[in-house]
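Worksheet: one structure, shown below.
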Amino acid sequence: MKKVIKSSPIPIYCQLKEIIQEMIDNEELQPNDPIPTERELCKIHDISRMTVRMAIMSLVNEGVLYREQGKGTFVARKKQKHQLSHLRGFTEDMEKLGHIVDTEILSFDKVNCAKSIAKTIGLSNEQKAIEIKRLRIVDGTPHALETVWLHPNEYPDLKRERLENVSLYDVFQKDYGLKPKYAKQTVEPIHLNTFEKDLFGIEGDSLGLLFNRTTFSDNDVVIEYSKAVYRIDKHKFEIYLEA
C-alpha cells in the first residue's frame, strides 16, 4: 500500500481515499474483500482515526465501499453502467444487463402539478396531470424512485393495474401508439431525503442522482415528464461524445 505524503497540499483524507480507490482499480482488493481496519490504516499512515473515517465514509457515500455493523468495511460490487446516448426505459436497460426488474407502484393519482410541469406537458389551467410514483427494484433491491407526469388527454382510461411490472414505454406504444423518439434530460447530484432513504434502506447522509427527463414522440409531442432518483452506490452513467 502506498503511504500518504504529509507535506502534500492535497488533504490527507483525500490522499487515503485515492490510495484505497487505486487498490480497487488495480484489483488488489476485489468486491466483498475487507479493507484494512481503521486502526491498521492509522498505524500504516501515522494519521488520526478521524482522518481515516473521513476517507472511508466518503467512499461509502460514493458506493465504492460498504459497511457491515460489527464486521467491518468491504469493497462494493461494481456499479451498473448505463449509456446516456440511448433512449430506453429503466426496465429495458436493466433486463439487457441480465437483471430481474420489479416495480412497486407507490401512487397513481390525478393531481394539480407544479406550473413548470403543467407547462411542459401542455396542461390547461384547470387540468390535472396523471402522476405515477414507482419504486424500481433490481434483483430484490430498491434502486430508483421514479415520478412521472402524463397529460390525461393522451392516456384516456389508463389504469394503475395496467402498469404493474411493465415498461411505461411499452404501454405508450402498445396502448396509445406513442413511440418515444427523443428526450431532453438533465442530471444532478442531490442529498437523499428521509423518504428516499427509507425506501432504499439507506442510513445516514447519502447522495443520489436526480434525472429530469422530457420525452417526445415522433410528432414532437411531449408524452411524459419524469423525475427519477437513482442510488449513487448502485449506478454510474456513461456519456458518449463524438467530435
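Letters for chains follow the order of the C-alpha cells (A, B, ...), residue numbers begin at 1 for each chain, and ligand numbers begin at 1 in the order shown.
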
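Residue neighbourhood of A:Lys159, excluding near-sequence residues (fewer than 4 positions): Ile105, Ser107, Phe108, Asp109, Lys110, Ile130, Glu131, Ile132, Pro152, Tyr155, Leu163, Glu164, Val171 and Asp175 of chain A, at 12 Å, using only C-alpha atoms.
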
Test item, helix (DSSP H, G or I) assignment across stretch 114-144 of chain A, answer as a PyMOL selection string: chain A and resi 115-121

Include C-alpha atoms and write out the residues we just selected as a PDB file, in the first residue's frame.
```
ATOM      1  CA  LYS A 115     -46.768  25.183 -13.109  1.00  0.00           C
ATOM      2  CA  SER A 116     -43.457  24.292 -14.747  1.00  0.00           C
ATOM      3  CA  ILE A 117     -44.540  20.662 -15.152  1.00  0.00           C
ATOM      4  CA  ALA A 118     -48.015  21.644 -16.358  1.00  0.00           C
ATOM      5  CA  LYS A 119     -46.438  23.877 -18.988  1.00  0.00           C
ATOM      6  CA  THR A 120     -44.035  21.143 -20.083  1.00  0.00           C
ATOM      7  CA  ILE A 121     -46.720  18.532 -20.687  1.00  0.00           C
TER       8      ILE A 121
END
```

Non-local contacts of stretch 16-30 of chain A (8 Å; only C-alpha atoms; under 4 positions in same chain excluded) as a PyMOL selection string: chain A and resi 1-4+12+34-35+52+55-56+58-59+64+75

Residues flagged strand (DSSP E or B) by DSSP in stretch 106-157 of chain A, as a VMD selection string: chain A and resid 106 to 111 129 to 138 141 to 150

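The interatomic distance for the pair atom CA of A:Ala144 and atom CA of A:Val60 works out to 18.2 Å.
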
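Interatomic distance, atom CA of A:Asn61 to atom CA of A:Gly204: 9.1 Å.
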
Closest of A:Gly177, A:His191, A:His143, A:Met50 to A:Asn219 - atom-to-atom distances counting only C-alpha atoms: A:Gly177

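Closest approach to A:Gly208 among A:Leu150, A:Ile223, A:Ala183, A:Leu145 is made by A:Leu145 (distances from only C-alpha atoms).
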
Distance in Å - atom CA of A:Arg213 versus atom CA of A:Val229: 11.5 Å

10 Å contact set for A:Asp220, only C-alpha atoms, chain neighbours under 3 positions out, as a PyMOL selection string: chain A and resi 180-183+215-217+223

Could the residues in this selection be saved with C-alpha atoms as a PDB file, in the first residue's frame?
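That gives us result13.pdb:
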```pdb
ATOM      1  CA  PRO A 180     -40.640   7.783 -27.813  1.00  0.00           C
ATOM      2  CA  LYS A 181     -38.371   9.445 -30.368  1.00  0.00           C
ATOM      3  CA  TYR A 182     -36.036  11.638 -28.331  1.00  0.00           C
ATOM      4  CA  ALA A 183     -35.700  13.216 -24.908  1.00  0.00           C
ATOM      5  CA  THR A 215     -39.724  12.654 -23.638  1.00  0.00           C
ATOM      6  CA  PHE A 216     -41.110  13.450 -27.084  1.00  0.00           C
ATOM      7  CA  SER A 217     -42.958  11.327 -29.659  1.00  0.00           C
ATOM      8  CA  ILE A 223     -45.505  12.201 -23.944  1.00  0.00           C
TER       9      ILE A 223
END
```

10 Å contact set for A:Gln127, only C-alpha atoms, chain neighbours under 2 positions out, as number ranges by chain: A: 110-113, 118, 122-125, 129-130, 151-153

The selected residues should be written to file as a compact mmCIF listing (two decimals), in the first residue's frame (atoms: C-alpha atoms).
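The file below, out_35.txt, is the result:
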```
# COMPACT_ATOMS: atom_id res chain seq x y z
CA LYS A 110 -54.64 12.87 -10.82
CA VAL A 111 -53.03 15.92 -9.25
CA ASN A 112 -52.54 19.64 -9.59
CA CYS A 113 -48.87 19.67 -10.51
CA ALA A 118 -48.02 21.64 -16.36
CA GLY A 122 -49.22 21.05 -22.09
CA LEU A 123 -51.93 21.18 -19.43
CA SER A 124 -54.51 23.94 -19.34
CA ASN A 125 -55.10 25.87 -16.11
CA ALA A 129 -51.93 15.61 -14.52
CA ILE A 130 -51.71 11.86 -14.13
CA HIS A 151 -51.30 14.56 -19.91
CA PRO A 152 -54.68 12.87 -19.26
CA ASN A 153 -55.91 13.51 -22.82
```

Surrounding residues of A:Glu188 excluding itself and chain neighbours under 2 positions, 8 Å, only C-alpha atoms, as a PyMOL selection string: chain A and resi 186+190+209-211

Residue neighbourhood A:Arg134, 7 Å, only C-alpha atoms, exclusion window fewer than 5 positions, as an NGL selection string: :A and (103-106 or 145-147)

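Among the candidates A:Leu135, A:Asn32, A:Glu68, A:Ser226, the one nearest to A:Phe195 when counting only C-alpha atoms is A:Leu135.
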